[in-house]
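Notes for the one structure printed next.
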Amino acid sequence: PDPKAPYVIVCGYLRLLAVRNLGWHELSAWVFDCDTPQAQLLECALQDNLPHRIFNPVEIAHALQRLLACFSRDVVISEWLPRLGQSPSGRTLERFLCLCSLEHEPRAALIAGSLTEASALRMCSYSAEDRLAVFALMQQLHLSAGKQAELIECLEDLARRDKKALRDV
């Protein structure tokens with residue numbers, strides 16, 4: 001956000017664009033005090049979107065990461081994971097947080113559906129170089145969910161057998 005900007009949009013950005021495209025010159029809005037805590041603004045933005053949107057895994061991951069900066073781990077697990085349609089467990093939280101470590105291309109593929117969540121999670125344990133090499137191969141092959149898992153398993157087996165990095169396999 002630009003510190004010189006008079007206002008920062010917390011939620012409703014697409015609605016604001018729609019109003020602008022309709023040529024409206026006035027609109028009602030809630031304006032928060034500039035001292036409003038980030039936790040309250042984040043909660044407002046999420047609560048505004050949760051009733052009418054289904055978040056993709058990457059959006060959930062980033063929301064959880066931001067929530068952890070404002071709330072305790074226990075609060076995020078017990079209160080926010082269920083609101084995001086997920087089971088309230090530490091394992092679920094960690095699974096989503098792993099997705100934040102993915103580079104832009106694998107995240108985009110996960111959102112687009114060309115990379116499965118299971119494959120993305122498995123690749124999170126790789127080094128960045130290995131992850132990008134495996135991802136590049138998968139994108140060239142356009143594999144189904146089952147074939148993605150099979151390819152990853154084969155690559156890992158070959159890397160272990162030959163004592164090589166995945167990128168070298």
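By order in the structure tokens, chains are A, B, ...; within a chain, residues start at 1; ligands start at 1, following the order shown.
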
Exercise. Give the alpha helix (DSSP H) residues of chain A, as assigned by DSSP on the backbone, as a VMD selection string.
Key: chain A and resid 13 to 21 38 to 49 57 to 70 73 to 75 81 to 83 90 to 99 104 to 112 117 to 123 128 to 141 145 to 162

Contact check, range 136-155 of chain A to range 104-109 of chain A, at most 12 Å, counting only C-alpha atoms, closest pairs as JSON lines:
{"residue": "A:Ala136", "atom": "CA", "partner": "A:Pro106", "partner_atom": "CA", "distance": 9.0}
{"residue": "A:Leu137", "atom": "CA", "partner": "A:Pro106", "partner_atom": "CA", "distance": 11.7}
{"residue": "A:Met138", "atom": "CA", "partner": "A:Pro106", "partner_atom": "CA", "distance": 10.2}
{"residue": "A:Gln139", "atom": "CA", "partner": "A:Ala109", "partner_atom": "CA", "distance": 8.6}
{"residue": "A:His142", "atom": "CA", "partner": "A:Ala109", "partner_atom": "CA", "distance": 11.0}

Can you write just those residues out, all heavy atoms, as a PDB file, in the first residue's frame?
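Saved result, out_8.pdb, follows:
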ATOM      1  N   ALA A 136       9.067 -28.559 -14.366  1.00  0.00           N
ATOM      2  CA  ALA A 136       9.231 -28.328 -15.810  1.00  0.00           C
ATOM      3  C   ALA A 136       8.947 -29.608 -16.596  1.00  0.00           C
ATOM      4  O   ALA A 136       8.274 -29.564 -17.640  1.00  0.00           O
ATOM      5  CB  ALA A 136      10.643 -27.819 -16.098  1.00  0.00           C
ATOM      6  N   LEU A 137       9.436 -30.733 -16.092  1.00  0.00           N
ATOM      7  CA  LEU A 137       9.170 -32.015 -16.760  1.00  0.00           C
ATOM      8  C   LEU A 137       7.677 -32.323 -16.754  1.00  0.00           C
ATOM      9  O   LEU A 137       7.104 -32.717 -17.780  1.00  0.00           O
ATOM     10  CB  LEU A 137       9.958 -33.130 -16.077  1.00  0.00           C
ATOM     11  CG  LEU A 137       9.726 -34.544 -16.617  1.00  0.00           C
ATOM     12  CD1 LEU A 137      10.127 -34.651 -18.086  1.00  0.00           C
ATOM     13  CD2 LEU A 137      10.490 -35.559 -15.770  1.00  0.00           C
ATOM     14  N   MET A 138       7.043 -32.122 -15.616  1.00  0.00           N
ATOM     15  CA  MET A 138       5.609 -32.414 -15.512  1.00  0.00           C
ATOM     16  C   MET A 138       4.792 -31.542 -16.452  1.00  0.00           C
ATOM     17  O   MET A 138       3.826 -32.009 -17.058  1.00  0.00           O
ATOM     18  CB  MET A 138       5.132 -32.221 -14.071  1.00  0.00           C
ATOM     19  CG  MET A 138       5.695 -33.248 -13.121  1.00  0.00           C
ATOM     20  SD  MET A 138       5.264 -32.872 -11.436  1.00  0.00           S
ATOM     21  CE  MET A 138       3.772 -33.804 -11.296  1.00  0.00           C
ATOM     22  N   GLN A 139       5.173 -30.288 -16.602  1.00  0.00           N
ATOM     23  CA  GLN A 139       4.435 -29.374 -17.474  1.00  0.00           C
ATOM     24  C   GLN A 139       4.583 -29.774 -18.944  1.00  0.00           C
ATOM     25  O   GLN A 139       3.667 -29.585 -19.726  1.00  0.00           O
ATOM     26  CB  GLN A 139       4.886 -27.933 -17.257  1.00  0.00           C
ATOM     27  CG  GLN A 139       4.470 -27.373 -15.915  1.00  0.00           C
ATOM     28  CD  GLN A 139       2.965 -27.474 -15.684  1.00  0.00           C
ATOM     29  OE1 GLN A 139       2.509 -28.290 -14.896  1.00  0.00           O
ATOM     30  NE2 GLN A 139       2.193 -26.676 -16.356  1.00  0.00           N
ATOM     31  N   HIS A 142       2.118 -33.005 -19.383  1.00  0.00           N
ATOM     32  CA  HIS A 142       0.664 -32.843 -19.178  1.00  0.00           C
ATOM     33  C   HIS A 142       0.036 -34.116 -18.607  1.00  0.00           C
ATOM     34  O   HIS A 142      -0.780 -34.770 -19.247  1.00  0.00           O
ATOM     35  CB  HIS A 142      -0.038 -32.448 -20.486  1.00  0.00           C
ATOM     36  CG  HIS A 142       0.551 -31.241 -21.129  1.00  0.00           C
ATOM     37  ND1 HIS A 142       0.378 -29.977 -20.616  1.00  0.00           N
ATOM     38  CD2 HIS A 142       1.339 -31.103 -22.228  1.00  0.00           C
ATOM     39  CE1 HIS A 142       1.008 -29.106 -21.381  1.00  0.00           C
ATOM     40  NE2 HIS A 142       1.607 -29.755 -22.353  1.00  0.00           N
TER      41      HIS A 142
END

Self-check item: Nearest to Ala61 in chain A, chosen from A:Leu158, A:Cys100, A:Ala112, A:Leu141, with only C-alpha atoms counted in the distances
Solution: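 Smallest separation from Ala61 in chain A among the options: A:Cys100.
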
Exercise. Please identify all polymer residues within 8 Å of range 116-131 of chain A, counting only C-alpha atoms, omitting same-chain residues fewer than 3 positions from it, and present them as a PyMOL selection string.
Key: chain A and resi 57+95+98-99+101-103+106+110+113+134-135+145+148-149+152+165-167

With N, CA and C atoms kept, could you save the residues just selected as an mmCIF file, in the first residue's frame?
data_model
loop_
_atom_site.group_PDB
_atom_site.id
_atom_site.type_symbol
_atom_site.label_atom_id
_atom_site.label_comp_id
_atom_site.auth_asym_id
_atom_site.auth_seq_id
_atom_site.Cartn_x
_atom_site.Cartn_y
_atom_site.Cartn_z
ATOM 1 N N PRO A 57 -6.297 -23.665 -3.043
ATOM 2 C CA PRO A 57 -5.289 -24.008 -2.027
ATOM 3 C C PRO A 57 -4.227 -22.930 -1.801
ATOM 4 N N ARG A 95 0.423 -28.383 6.158
ATOM 5 C CA ARG A 95 0.283 -28.769 4.755
ATOM 6 C C ARG A 95 0.068 -27.531 3.887
ATOM 7 N N CYS A 98 3.183 -25.161 3.649
ATOM 8 C CA CYS A 98 4.203 -25.652 2.709
ATOM 9 C C CYS A 98 3.996 -25.060 1.318
ATOM 10 N N LEU A 99 2.745 -24.872 0.937
ATOM 11 C CA LEU A 99 2.453 -24.358 -0.403
ATOM 12 C C LEU A 99 2.976 -22.937 -0.597
ATOM 13 N N SER A 101 5.843 -21.954 0.076
ATOM 14 C CA SER A 101 7.246 -22.013 -0.340
ATOM 15 C C SER A 101 7.401 -22.259 -1.841
ATOM 16 N N LEU A 102 6.321 -22.597 -2.515
ATOM 17 C CA LEU A 102 6.396 -22.860 -3.954
ATOM 18 C C LEU A 102 6.686 -21.590 -4.739
ATOM 19 N N GLU A 103 7.412 -21.757 -5.814
ATOM 20 C CA GLU A 103 7.695 -20.649 -6.717
ATOM 21 C C GLU A 103 6.414 -20.290 -7.479
ATOM 22 N N PRO A 106 4.851 -23.108 -10.200
ATOM 23 C CA PRO A 106 4.070 -24.216 -9.636
ATOM 24 C C PRO A 106 2.786 -23.747 -8.936
ATOM 25 N N LEU A 110 -0.909 -24.993 -9.882
ATOM 26 C CA LEU A 110 -1.804 -25.545 -8.865
ATOM 27 C C LEU A 110 -3.159 -24.852 -8.936
ATOM 28 N N GLY A 113 -4.989 -25.959 -12.000
ATOM 29 C CA GLY A 113 -5.398 -27.360 -11.987
ATOM 30 C C GLY A 113 -4.498 -28.291 -12.771
ATOM 31 N N VAL A 134 11.605 -30.797 -11.695
ATOM 32 C CA VAL A 134 10.501 -31.769 -11.739
ATOM 33 C C VAL A 134 9.251 -31.110 -12.300
ATOM 34 N N PHE A 135 8.994 -29.893 -11.862
ATOM 35 C CA PHE A 135 7.818 -29.176 -12.356
ATOM 36 C C PHE A 135 7.902 -28.960 -13.869
ATOM 37 N N ALA A 145 -3.551 -36.764 -12.579
ATOM 38 C CA ALA A 145 -3.187 -36.794 -11.156
ATOM 39 C C ALA A 145 -2.423 -38.077 -10.815
ATOM 40 N N GLN A 148 1.047 -38.034 -12.381
ATOM 41 C CA GLN A 148 1.947 -37.109 -11.681
ATOM 42 C C GLN A 148 2.568 -37.805 -10.473
ATOM 43 N N ALA A 149 1.734 -38.464 -9.697
ATOM 44 C CA ALA A 149 2.222 -39.175 -8.501
ATOM 45 C C ALA A 149 3.190 -40.280 -8.902
ATOM 46 N N ILE A 152 6.599 -38.744 -9.997
ATOM 47 C CA ILE A 152 7.362 -38.275 -8.833
ATOM 48 C C ILE A 152 7.982 -39.459 -8.095
ATOM 49 N N ALA A 165 20.787 -35.906 -7.401
ATOM 50 C CA ALA A 165 19.712 -34.942 -7.144
ATOM 51 C C ALA A 165 18.599 -35.182 -8.172
ATOM 52 N N LEU A 166 17.387 -34.858 -7.798
ATOM 53 C CA LEU A 166 16.266 -35.043 -8.710
ATOM 54 C C LEU A 166 16.469 -34.306 -10.018
ATOM 55 N N ARG A 167 17.033 -33.130 -9.971
ATOM 56 C CA ARG A 167 17.246 -32.352 -11.207
ATOM 57 C C ARG A 167 18.197 -33.042 -12.166
#

Self-check item: Who sits within 6 Å of range 73-78 of chain A, only C-alpha atoms, same chain under 2 positions skipped, as a list in words
Solution: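 What passes the distance filter is Trp80, Leu81, Pro88 and Ser89 of chain A.
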
Long-range neighbours of Arg15 in chain A as a short mmCIF file (atom, residue, chain, number, x, y, z; two decimals) with all heavy atoms, in the first residue's frame, 12 Å cut-off, only C-alpha atoms, 6 positions minimum in chain:
data_model
loop_
_atom_site.label_atom_id
_atom_site.label_comp_id
_atom_site.auth_asym_id
_atom_site.auth_seq_id
_atom_site.Cartn_x
_atom_site.Cartn_y
_atom_site.Cartn_z
N ILE A 9 -7.98 -0.07 0.04
CA ILE A 9 -9.13 -0.96 -0.07
C ILE A 9 -8.83 -2.24 0.70
O ILE A 9 -7.84 -2.93 0.42
CB ILE A 9 -9.46 -1.26 -1.54
CG1 ILE A 9 -9.80 0.04 -2.27
CG2 ILE A 9 -10.60 -2.27 -1.63
CD1 ILE A 9 -9.89 -0.09 -3.77
N ASN A 21 -16.86 0.84 -13.55
CA ASN A 21 -17.20 0.49 -14.94
C ASN A 21 -18.64 0.86 -15.29
O ASN A 21 -18.95 1.11 -16.45
CB ASN A 21 -16.96 -0.99 -15.19
CG ASN A 21 -15.49 -1.33 -15.25
OD1 ASN A 21 -14.65 -0.47 -15.51
ND2 ASN A 21 -15.15 -2.58 -14.99
N LEU A 22 -19.51 0.87 -14.28
CA LEU A 22 -20.90 1.27 -14.51
C LEU A 22 -21.04 2.79 -14.63
O LEU A 22 -22.11 3.29 -14.97
CB LEU A 22 -21.79 0.75 -13.38
CG LEU A 22 -22.02 -0.75 -13.36
CD1 LEU A 22 -22.71 -1.16 -12.06
CD2 LEU A 22 -22.84 -1.19 -14.56
N TRP A 24 -20.72 4.95 -12.14
CA TRP A 24 -21.23 5.57 -10.92
C TRP A 24 -20.16 6.50 -10.37
O TRP A 24 -18.97 6.23 -10.43
CB TRP A 24 -21.58 4.54 -9.88
CG TRP A 24 -22.73 3.63 -10.23
CD1 TRP A 24 -23.36 3.53 -11.43
CD2 TRP A 24 -23.34 2.69 -9.37
NE1 TRP A 24 -24.33 2.57 -11.38
CE2 TRP A 24 -24.34 2.03 -10.11
CE3 TRP A 24 -23.15 2.32 -8.06
CZ2 TRP A 24 -25.14 1.05 -9.57
CZ3 TRP A 24 -23.94 1.33 -7.52
CH2 TRP A 24 -24.93 0.71 -8.27
N LEU A 27 -20.64 6.21 -4.00
CA LEU A 27 -20.80 4.87 -3.45
C LEU A 27 -20.62 4.94 -1.95
O LEU A 27 -19.85 5.77 -1.45
CB LEU A 27 -19.76 3.95 -4.12
CG LEU A 27 -18.90 3.00 -3.39
CD1 LEU A 27 -19.59 1.65 -3.41
CD2 LEU A 27 -17.57 2.85 -4.11
N SER A 28 -21.33 4.10 -1.23
CA SER A 28 -21.19 4.04 0.23
C SER A 28 -20.07 3.06 0.56
O SER A 28 -19.92 2.03 -0.10
CB SER A 28 -22.48 3.54 0.87
OG SER A 28 -23.52 4.45 0.63
N ALA A 29 -19.32 3.38 1.59
CA ALA A 29 -18.22 2.51 1.99
C ALA A 29 -18.00 2.63 3.49
O ALA A 29 -18.29 3.66 4.09
CB ALA A 29 -16.94 2.89 1.26
N ASP A 48 -15.68 -11.04 4.70
CA ASP A 48 -16.42 -10.50 3.57
C ASP A 48 -16.43 -11.49 2.40
O ASP A 48 -17.42 -11.56 1.67
CB ASP A 48 -15.81 -9.17 3.13
CG ASP A 48 -16.58 -8.52 2.00
OD1 ASP A 48 -17.78 -8.23 2.19
OD2 ASP A 48 -16.00 -8.30 0.92
N ASN A 49 -15.35 -12.24 2.22
CA ASN A 49 -15.24 -13.14 1.08
C ASN A 49 -15.71 -14.57 1.34
O ASN A 49 -16.15 -15.25 0.43
CB ASN A 49 -13.78 -13.18 0.59
CG ASN A 49 -13.43 -11.95 -0.21
OD1 ASN A 49 -13.91 -11.78 -1.31
ND2 ASN A 49 -12.62 -11.09 0.36
#

Quiz prompt | Residue with smallest distance to Leu46 in chain A - pool A:Trp30, A:Gln65, A:Leu17, A:Val10, counting only C-alpha atoms | solution =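 That would be A:Val10, the residue with the smallest distance to Leu46 in chain A.
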
Quiz prompt | Distance criterion (only C-alpha atoms): nearest to Gln47 in chain A out of A:Cys154, A:Leu143, A:Cys34, A:Ala63 | solution =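 Residue with the minimum atom-to-atom distance to Gln47 in chain A: A:Ala63.
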
Quiz item: Between A:Val8, A:Leu97, A:Val169, A:Leu41, which has the minimum distance to His62 in chain A (counting only C-alpha atoms)?
Solution: A:Leu97

Quiz item: So which one's closest to Glu59 in chain A, A:Phe96, A:Cys44, A:Asp157, A:Arg20? Using only C-alpha atoms, please.
Solution: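 Of A:Phe96, A:Cys44, A:Asp157, A:Arg20, the one nearest Glu59 in chain A, counting only C-alpha atoms, is A:Phe96.
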
Quiz prompt | Residue nearest Leu68 in chain A among A:Leu151, A:Ala39, A:Val19, A:Leu115 (counting only C-alpha atoms) | solution =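 That would be A:Ala39, the residue with the smallest distance to Leu68 in chain A.
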
Exercise. Go ahead and compute the interatomic distance for CA of Pro51 in chain A and CA of Leu16 in chain A, in Å to one decimal.
Key: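 One can read the CA of Pro51 in chain A to CA of Leu16 in chain A distance as 18.5 Å.
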